[in-house]
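What's in query.cif: mmCIF, C-alpha atoms
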data_my_file
#
loop_
_atom_site.label_atom_id
_atom_site.label_comp_id
_atom_site.auth_asym_id
_atom_site.auth_seq_id
_atom_site.Cartn_x
_atom_site.Cartn_y
_atom_site.Cartn_z
CA MET A 777 97.04 117.87 93.35
CA ILE A 778 99.51 115.37 94.80
CA VAL A 779 97.90 113.37 97.60
CA VAL A 780 99.85 111.35 100.18
CA THR A 781 98.04 108.85 102.39
CA GLY A 782 99.45 107.92 105.79
CA ALA A 783 101.14 111.30 105.71
CA THR A 784 101.92 111.53 109.43
CA GLY A 785 103.76 108.20 109.47
CA LYS A 786 107.54 107.94 109.35
CA LEU A 787 107.71 107.41 105.59
CA GLY A 788 104.85 109.81 104.87
CA ARG A 789 106.52 112.72 106.63
CA HIS A 790 109.69 112.20 104.59
CA VAL A 791 107.59 112.21 101.41
CA ILE A 792 105.81 115.44 102.38
CA ASP A 793 109.16 117.08 103.18
CA GLY A 794 110.51 116.07 99.78
CA LEU A 795 107.42 117.26 97.92
CA LEU A 796 107.53 120.67 99.58
CA GLU A 797 111.07 121.11 98.27
CA LYS A 798 109.73 120.74 94.72
CA VAL A 799 106.15 122.09 94.65
CA PRO A 800 104.13 124.65 96.63
CA GLY A 801 102.23 123.45 99.68
CA ALA A 802 98.97 124.37 97.95
CA GLU A 803 99.61 121.53 95.48
CA VAL A 804 99.99 118.87 98.20
CA ALA A 805 97.28 117.15 100.21
CA ALA A 806 97.78 114.83 103.17
CA VAL A 807 95.30 112.09 104.02
CA VAL A 808 95.44 111.58 107.79
CA ARG A 809 93.33 110.04 110.52
CA ASP A 810 94.15 112.61 113.20
CA LYS A 811 93.97 116.28 112.26
CA GLY A 812 95.86 117.24 115.42
CA LYS A 813 98.88 115.16 114.49
CA ALA A 814 99.02 116.92 111.13
CA ALA A 815 98.80 120.49 112.40
CA ASP A 816 102.41 121.13 111.43
CA LEU A 817 101.66 120.02 107.86
CA ALA A 818 98.71 122.39 107.64
CA ALA A 819 100.95 125.18 108.91
CA ARG A 820 103.22 124.55 105.93
CA GLY A 821 100.34 125.02 103.50
CA VAL A 822 99.44 121.35 102.98
CA GLU A 823 95.73 120.58 102.59
CA LEU A 824 94.46 118.05 105.13
CA ARG A 825 91.95 115.40 104.13
CA ILE A 826 90.68 113.39 107.09
CA ALA A 827 90.09 109.70 106.36
CA ASP A 828 90.80 106.23 107.72
CA TYR A 829 91.77 103.14 105.74
CA SER A 830 89.46 101.09 107.97
CA GLU A 831 86.42 103.32 107.35
CA PRO A 832 85.72 103.28 103.60
CA GLU A 833 83.00 105.91 103.81
CA THR A 834 85.58 108.47 105.01
CA LEU A 835 87.66 107.93 101.89
CA LYS A 836 84.98 109.21 99.50
CA GLY A 837 86.21 112.78 99.74
CA ALA A 838 89.89 111.96 100.04
CA PHE A 839 90.69 112.09 96.31
CA GLY A 840 89.72 114.19 93.34
CA SER A 841 89.71 113.74 89.59
CA GLY A 842 93.21 114.14 88.22
CA ASP A 843 94.99 113.71 91.55
CA LYS A 844 98.29 111.85 91.74
CA VAL A 845 97.99 109.62 94.80
CA LEU A 846 100.61 107.82 96.87
CA LEU A 847 99.13 104.91 98.80
CA ILE A 848 101.55 104.20 101.63
CA SER A 849 100.87 100.68 102.86
CA GLY A 850 99.16 100.45 106.23
CA SER A 851 100.85 99.20 109.37
CA GLU A 852 98.13 96.82 110.60
CA VAL A 853 99.42 93.49 109.31
CA GLY A 854 96.52 91.12 108.69
CA ARG A 855 94.06 93.93 107.91
CA ARG A 856 95.85 95.64 105.09
CA VAL A 857 94.23 93.99 102.06
CA ALA A 858 90.76 95.26 102.94
CA GLN A 859 92.15 98.65 103.96
CA HIS A 860 94.11 99.07 100.75
CA ARG A 861 91.19 97.92 98.60
CA ALA A 862 89.07 100.64 100.20
CA VAL A 863 91.65 103.22 99.10
CA VAL A 864 91.85 101.74 95.60
CA ASP A 865 88.05 101.78 95.29
CA ALA A 866 87.90 105.42 96.38
CA ALA A 867 90.69 106.38 93.97
CA GLU A 868 88.94 104.59 91.12
CA ALA A 869 85.62 106.28 91.89
CA ALA A 870 87.32 109.68 91.96
CA GLY A 871 89.14 109.14 88.68
CA VAL A 872 92.65 109.84 89.89
CA ALA A 873 95.36 110.32 87.30
CA LEU A 874 97.92 108.05 88.98
CA LEU A 875 98.04 105.67 91.94
CA ALA A 876 101.50 104.86 93.29
CA TYR A 877 101.79 102.10 95.88
CA THR A 878 104.59 101.23 98.30
CA GLY A 879 104.85 97.45 98.13
CA VAL A 880 107.72 95.06 98.81
CA LEU A 881 110.92 94.14 96.98
CA GLY A 882 110.33 91.26 94.57
CA GLY A 883 106.63 91.87 94.02
CA PRO A 884 104.95 88.65 92.78
CA GLU A 885 108.19 86.69 93.31
CA ALA A 886 108.32 87.49 97.05
CA ASP A 887 106.96 84.38 98.75
CA PHE A 888 107.35 85.28 102.43
CA GLU A 889 104.35 85.97 104.64
CA LEU A 890 104.74 89.74 104.87
CA ALA A 891 104.64 90.02 101.07
CA ALA A 892 101.21 88.40 100.67
CA GLU A 893 99.21 91.54 101.46
CA HIS A 894 101.38 93.61 99.13
CA LYS A 895 100.84 91.18 96.26
CA ALA A 896 97.07 91.21 96.84
CA THR A 897 97.09 95.02 96.82
CA GLU A 898 99.05 95.19 93.58
CA GLN A 899 96.52 92.84 92.00
CA ALA A 900 93.63 94.99 93.23
CA ILE A 901 95.27 98.02 91.64
CA LEU A 902 95.76 96.17 88.36
CA ASP A 903 92.13 95.01 88.44
CA SER A 904 90.95 98.60 88.96
CA GLY A 905 92.40 99.70 85.64
CA LEU A 906 93.89 102.81 87.22
CA PRO A 907 97.17 104.25 85.93
CA TYR A 908 99.69 102.94 88.47
CA VAL A 909 103.28 102.80 89.65
CA PHE A 910 104.53 100.08 91.98
CA LEU A 911 107.27 101.21 94.35
CA ARG A 912 108.52 97.88 95.67
CA ASN A 913 110.50 98.95 98.70
CA GLY A 914 113.25 96.82 100.14
CA TRP A 915 114.20 96.84 103.79
CA TYR A 916 114.84 100.07 105.67
CA HIS A 917 118.09 100.67 107.55
CA GLU A 918 115.90 101.90 110.40
CA ASN A 919 114.38 98.42 110.83
CA TYR A 920 117.71 97.63 112.46
CA THR A 921 119.22 100.89 113.64
CA GLU A 922 116.14 101.81 115.68
CA ASN A 923 116.94 98.77 117.84
CA LEU A 924 120.60 99.55 118.47
CA ALA A 925 120.09 100.10 122.21
CA ARG A 926 119.30 96.39 122.67
CA VAL A 927 122.25 95.40 120.47
CA LEU A 928 124.61 97.51 122.56
CA GLU A 929 123.13 96.23 125.81
CA HIS A 930 123.66 92.59 124.89
CA GLY A 931 126.73 92.99 122.71
CA ALA A 932 125.12 90.97 119.96
CA VAL A 933 123.17 91.21 116.74
CA VAL A 934 120.75 88.29 116.85
CA ALA A 935 119.00 87.13 113.67
CA GLY A 936 117.86 83.97 111.97
CA ALA A 937 119.18 84.86 108.53
CA GLY A 938 122.39 82.81 108.45
CA GLU A 939 124.76 84.25 105.85
CA GLY A 940 121.95 86.11 104.07
CA ARG A 941 122.47 89.67 102.93
CA VAL A 942 120.20 92.74 103.02
CA ALA A 943 120.24 95.51 100.41
CA SER A 944 118.62 98.05 102.72
CA ALA A 945 118.40 101.81 102.26
CA ALA A 946 117.34 104.75 104.38
CA ARG A 947 113.66 105.55 104.79
CA ALA A 948 114.44 108.98 103.32
CA ASP A 949 115.84 107.31 100.17
CA TYR A 950 112.58 105.46 99.54
CA ALA A 951 110.65 108.68 100.19
CA ALA A 952 112.80 110.50 97.63
CA ALA A 953 111.91 107.84 95.05
CA ALA A 954 108.22 108.40 95.70
CA VAL A 955 108.71 112.14 95.30
CA ALA A 956 110.51 111.62 91.99
CA VAL A 957 107.61 109.55 90.67
CA LEU A 958 104.90 111.91 91.92
CA THR A 959 106.57 115.02 90.48
CA GLY A 960 107.97 113.45 87.32
CA GLU A 961 106.66 111.98 84.09
CA GLY A 962 106.96 108.66 82.29
CA HIS A 963 106.51 106.38 85.30
CA GLU A 964 103.01 105.09 84.58
CA GLY A 965 102.78 101.29 84.37
CA ARG A 966 106.24 100.78 85.87
CA ALA A 967 107.22 98.52 88.76
CA TYR A 968 110.41 99.68 90.46
CA GLU A 969 112.46 97.24 92.53
CA LEU A 970 113.86 99.62 95.16
CA SER A 971 116.83 98.70 97.32
CA GLY A 972 120.20 99.95 98.49
CA ASP A 973 123.24 99.97 96.26
CA THR A 974 125.10 97.52 98.51
CA ALA A 975 123.91 94.37 100.27
CA TRP A 976 125.42 93.66 103.70
CA SER A 977 125.54 90.59 105.93
CA PHE A 978 124.60 90.60 109.59
CA ALA A 979 128.19 89.78 110.50
CA GLU A 980 129.27 92.93 108.62
CA TYR A 981 126.53 94.94 110.30
CA ALA A 982 127.64 93.75 113.75
CA ALA A 983 131.25 94.60 112.93
CA GLU A 984 130.29 98.11 111.82
CA VAL A 985 128.22 98.73 114.96
CA GLY A 986 131.20 97.54 117.01
CA ARG A 987 133.62 99.75 115.12
CA GLN A 988 131.52 102.87 115.58
CA SER A 989 130.45 102.22 119.18
CA GLY A 990 133.80 100.96 120.42
CA LYS A 991 132.08 97.90 121.87
CA GLU A 992 132.53 94.22 121.07
CA ILE A 993 129.49 93.22 119.02
CA ALA A 994 129.05 89.69 117.73
CA TYR A 995 126.59 88.27 115.23
CA SER A 996 124.59 85.37 116.58
CA SER A 997 122.70 83.40 113.93
CA VAL A 998 119.95 81.36 115.56
CA PRO A 999 117.46 78.76 114.30
CA ALA A 1000 113.91 79.89 113.61
CA ASP A 1001 112.42 78.35 116.77
CA ALA A 1002 115.06 79.94 119.00
CA HIS A 1003 114.64 83.27 117.23
CA ARG A 1004 110.87 83.17 117.78
CA GLU A 1005 111.38 82.44 121.48
CA ILE A 1006 113.85 85.32 121.86
CA LEU A 1007 111.38 87.73 120.26
CA THR A 1008 108.38 86.63 122.31
CA ASP A 1009 110.44 86.68 125.52
CA ALA A 1010 111.28 90.30 124.65
CA GLY A 1011 107.56 91.08 124.60
CA LEU A 1012 106.76 90.83 120.90
CA PRO A 1013 103.28 89.37 120.21
CA GLU A 1014 103.53 85.88 118.76
CA PRO A 1015 101.97 86.72 115.34
CA LEU A 1016 104.43 89.57 114.89
CA ALA A 1017 107.33 87.41 116.03
CA ASP A 1018 106.33 84.83 113.40
CA ILE A 1019 106.52 87.50 110.71
CA PHE A 1020 109.99 88.65 111.78
CA VAL A 1021 111.21 85.06 111.87
CA ASP A 1022 109.77 84.43 108.41
CA VAL A 1023 111.45 87.56 107.02
CA ASP A 1024 114.82 86.43 108.37
CA VAL A 1025 114.35 83.06 106.70
CA ALA A 1026 113.59 84.93 103.45
CA ILE A 1027 116.77 86.97 103.90
CA GLY A 1028 118.68 83.73 104.35
CA ARG A 1029 117.25 82.61 101.01
CA GLY A 1030 118.50 85.77 99.33
CA LEU A 1031 115.14 87.46 98.76
CA LEU A 1032 116.11 90.88 100.12
CA GLU A 1033 119.62 91.21 98.69
CA ARG A 1034 118.65 92.39 95.21
CA THR A 1035 120.53 95.51 94.08
CA SER A 1036 118.77 96.54 90.88
CA GLY A 1037 119.92 100.16 90.96
CA ASP A 1038 116.34 101.40 90.48
CA LEU A 1039 116.41 103.39 93.70
CA SER A 1040 119.64 105.30 93.05
CA ARG A 1041 118.55 105.98 89.46
CA LEU A 1042 115.22 107.42 90.58
CA ILE A 1043 116.71 109.67 93.25
CA GLY A 1044 119.71 110.71 91.17
CA ARG A 1045 122.35 109.85 93.76
CA PRO A 1046 123.80 106.83 95.59
CA THR A 1047 121.64 105.37 98.33
CA THR A 1048 122.57 106.09 101.95
CA PRO A 1049 125.13 103.56 103.28
CA VAL A 1050 124.09 101.58 106.34
CA SER A 1051 127.18 102.93 108.11
CA GLU A 1052 125.65 106.44 107.98
CA ALA A 1053 122.40 105.17 109.48
CA ILE A 1054 124.32 103.47 112.29
CA ALA A 1055 126.23 106.70 112.99
CA ALA A 1056 123.01 108.71 113.13
CA ALA A 1057 121.37 106.21 115.46
CA LEU A 1058 124.35 106.19 117.82
CA LYS A 1059 124.10 109.98 118.13
CA ASP A 1060 120.44 109.88 119.18
#
Could you render the structure from this file as structure tokens?
Amino acid sequence: MIVVTGATGKLGRHVIDGLLEKVPGAEVAAVVRDKGKAADLAARGVELRIADYSEPETLKGAFGSGDKVLLISGSEVGRRVAQHRAVVDAAEAAGVALLAYTGVLGGPEADFELAAEHKATEQAILDSGLPYVFLRNGWYHENYTENLARVLEHGAVVAGAGEGRVASAARADYAAAAVAVLTGEGHEGRAYELSGDTAWSFAEYAAEVGRQSGKEIAYSSVPADAHREILTDAGLPEPLADIFVDVDVAIGRGLLERTSGDLSRLIGRPTTPVSEAIAAALKD
């Protein structure tokens, strides 16, 4: 059985879709917190296993011996190490055949704040002795294109990354890589550095949004303190604003521009260009 945790999330749904193109629904299980939100998955033949990262006792029946498991990292920054360890412990107790984990580009070399929980999770998986695959995801196009309304409203892309570049890819690309690993062979013990084929600058991103929207869009690079103030004034909680600011600083240092080619090799095609993601977002 192939088991996907966080299956009703944005990445998880893409993974389930990809799996169902390759294997029967009866061979796929979805670990979800809310059965109601997963009704459409059940209707497609996917087995539902109800569990919560934050409630370790619920995870005891989530996995079975011989399962291939995809642990999609949780969304609750600051709580994820304990949550992920609960999943790892349950997978170890069940004797799963493979545990794949969606971490962050750079793995141990990533020194920005958001990477810390991913590094701790990778270490917990190594300590467990389970057969593993690390899917170190780079940035998603959607991290930016989902906020295009604000960009168009203000006529500006605002970031604190200077001339830094981002080798982002579509969420569906990263999902396809997970599907390739879960349905393929020979991936055990590998750490894949997953990113887009091309790294772009924020000035280039702003120019492309302007070209496609027909509006004048400028790139405004701001210092960290000013960036933090802009984000909190927009309603972002201060701890989350700090994380976004820190990521932009990391981008400015070149930590998210790596183009290893691992992602396109795994999925057997070029990664989705950011221009396509912008076009899709402008249509919504």
On this structure, the PyMOL selection byres ((chain A and resi 851-856) around 9) would catch which residues? List them as a ChimeraX atom specification, sorted by chain and number. /A:829-830,849-850,857-861,890,893-894,897,1016
Give me the residues within 6 Å of Ile1054 (chain A) as a ChimeraX atom specification, counting all atoms listed in the file and dropping any in the same chain fewer than 3 places off. /A:921,1051,1057
Using only C-alpha atoms, which residues sit within 10 Å of Asp1022 (chain A) once same-chain residues fewer than 6 positions away are excluded, as a list in words?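 The filter keeps Phe888, Glu889, Leu890, Gly936, Ala937, Ala1000, Arg1004, Leu1016 and Gly1028 of chain A.
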Target residues per the PyMOL selection byres ((chain A and resi 867-875) around 8), formatted as a ChimeraX atom specification: /A:836,839-847,863-866,876-877,904,906-909,964
Applying 7 Å and only C-alpha atoms, which residues near region 980-989 of chain A remain after dropping the ones on its own chain fewer than 3 positions away? List them as a list in words.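 Final neighbour list, sorted by chain and number: Val933, Trp976, Ser977, Glu992, Ile993, Ala994, Tyr995, Ser1051 and Ile1054 of chain A.
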Could those selected residues go to a file with C-alpha atoms, as an mmCIF file, in the frame of the given file?
data_model
loop_
_atom_site.group_PDB
_atom_site.id
_atom_site.type_symbol
_atom_site.label_atom_id
_atom_site.label_comp_id
_atom_site.auth_asym_id
_atom_site.auth_seq_id
_atom_site.Cartn_x
_atom_site.Cartn_y
_atom_site.Cartn_z
ATOM 1 C CA VAL A 933 123.170 91.210 116.740
ATOM 2 C CA TRP A 976 125.420 93.660 103.700
ATOM 3 C CA SER A 977 125.540 90.590 105.930
ATOM 4 C CA GLU A 992 132.530 94.220 121.070
ATOM 5 C CA ILE A 993 129.490 93.220 119.020
ATOM 6 C CA ALA A 994 129.050 89.690 117.730
ATOM 7 C CA TYR A 995 126.590 88.270 115.230
ATOM 8 C CA SER A 1051 127.180 102.930 108.110
ATOM 9 C CA ILE A 1054 124.320 103.470 112.290
#
What residues come out when you apply the PyMOL selection byres ((chain A and resi 780-786) around 6) to this file, written as a ChimeraX atom specification? /A:779,787-789,806-808,845-848
Restricting the calculation to only C-alpha atoms, which member of A:Leu796, A:Ala954, A:Val934, A:Val1050 is positioned closest to Arg912 (chain A)?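 Checking each candidate against Arg912 (chain A), we get A:Ala954 as the closest.
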Rounded to one decimal place, report the CA of Ser997 (chain A)-CA of Arg1034 (chain A) distance in Å.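 For CA of Ser997 (chain A) relative to CA of Arg1034 (chain A), the distance reads 21.2 Å.
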Could you name the residues that touch Ser971 (chain A) at 6 Å or less, counting all atoms listed in the file, but leaving out those on the same chain fewer than 5 positions away, as an mmCIF file with C-alpha atoms, in the frame of the given file?
data_model
loop_
_atom_site.group_PDB
_atom_site.id
_atom_site.type_symbol
_atom_site.label_atom_id
_atom_site.label_comp_id
_atom_site.auth_asym_id
_atom_site.auth_seq_id
_atom_site.Cartn_x
_atom_site.Cartn_y
_atom_site.Cartn_z
ATOM 1 C CA GLY A 914 113.250 96.820 100.140
ATOM 2 C CA ALA A 943 120.240 95.510 100.410
ATOM 3 C CA SER A 944 118.620 98.050 102.720
ATOM 4 C CA THR A 1035 120.530 95.510 94.080
ATOM 5 C CA LEU A 1039 116.410 103.390 93.700
#
Determine the nearest neighbour of Arg1045 (chain A) from the options A:Glu898, A:Asp1060, A:Asp973, A:Glu939, counting only C-alpha atoms.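 Residue with the minimum atom-to-atom distance to Arg1045 (chain A): A:Asp973.
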Emit as JSON the padded axis-aligned box for all listed atoms of region 970-984 of chain A, 3 Å per side, with centre and edge lengths in Å to one decimal.
{"center_x": 122.6, "center_y": 94.9, "center_z": 104.5, "size_x": 23.4, "size_y": 16.2, "size_z": 24.6}
Would you kindly identify which residues have an atom no farther than 8 Å from (112.7, 112.6, 99.9), using all atoms listed in the file and the file's own coordinates, and write them out as a PyMOL selection string? chain A and resi 790-795+948-955
To one decimal place, how far is CA of Asp1024 (chain A) from CA of Ala1010 (chain A) in Å?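 A separation of 17.1 Å between them.
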N, CA, C and O atoms are needed for region 935-951 of chain A; please write them out as a compact mmCIF listing (two decimals), in the coordinates of the input.
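Printed below is result-v5.txt as written:
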# COMPACT_ATOMS: atom_id res chain seq x y z
N ALA A 935 119.90 87.28 114.81
CA ALA A 935 119.00 87.13 113.67
C ALA A 935 118.99 85.67 113.24
O ALA A 935 119.87 84.89 113.61
N GLY A 936 117.98 85.34 112.47
CA GLY A 936 117.86 83.97 111.97
C GLY A 936 118.07 83.90 110.47
O GLY A 936 117.41 83.11 109.79
N ALA A 937 118.99 84.73 109.97
CA ALA A 937 119.18 84.86 108.53
C ALA A 937 120.43 84.16 108.01
O ALA A 937 120.73 84.23 106.82
N GLY A 938 121.17 83.48 108.89
CA GLY A 938 122.39 82.81 108.45
C GLY A 938 123.35 83.77 107.79
O GLY A 938 123.64 84.83 108.33
N GLU A 939 123.82 83.41 106.60
CA GLU A 939 124.76 84.25 105.85
C GLU A 939 124.04 85.17 104.87
O GLU A 939 124.69 85.78 104.00
N GLY A 940 122.73 85.27 104.99
CA GLY A 940 121.95 86.11 104.07
C GLY A 940 122.36 87.57 104.13
O GLY A 940 122.90 88.04 105.12
N ARG A 941 122.08 88.27 103.04
CA ARG A 941 122.47 89.67 102.93
C ARG A 941 121.23 90.53 102.70
O ARG A 941 120.23 90.07 102.15
N VAL A 942 121.32 91.80 103.11
CA VAL A 942 120.20 92.74 103.02
C VAL A 942 120.64 93.98 102.26
O VAL A 942 121.59 94.65 102.67
N ALA A 943 119.95 94.29 101.17
CA ALA A 943 120.24 95.51 100.41
C ALA A 943 119.31 96.62 100.90
O ALA A 943 118.42 97.08 100.18
N SER A 944 119.51 97.04 102.13
CA SER A 944 118.62 98.05 102.72
C SER A 944 119.04 99.45 102.28
O SER A 944 120.12 99.67 101.75
N ALA A 945 118.14 100.40 102.53
CA ALA A 945 118.40 101.81 102.26
C ALA A 945 117.68 102.62 103.33
O ALA A 945 116.87 102.08 104.08
N ALA A 946 117.97 103.89 103.38
CA ALA A 946 117.34 104.75 104.38
C ALA A 946 115.89 105.03 104.00
O ALA A 946 115.53 105.10 102.82
N ARG A 947 115.06 105.21 105.02
CA ARG A 947 113.66 105.55 104.79
C ARG A 947 113.57 106.79 103.89
O ARG A 947 112.71 106.88 103.01
N ALA A 948 114.46 107.75 104.12
CA ALA A 948 114.44 108.98 103.32
C ALA A 948 114.76 108.70 101.85
O ALA A 948 114.29 109.42 100.96
N ASP A 949 115.54 107.67 101.56
CA ASP A 949 115.84 107.31 100.17
C ASP A 949 114.57 106.84 99.47
O ASP A 949 114.28 107.25 98.34
N TYR A 950 113.81 105.96 100.14
CA TYR A 950 112.58 105.46 99.54
C TYR A 950 111.57 106.60 99.35
O TYR A 950 110.83 106.64 98.36
N ALA A 951 111.53 107.53 100.30
CA ALA A 951 110.65 108.68 100.19
C ALA A 951 111.03 109.53 98.99
O ALA A 951 110.16 110.01 98.24
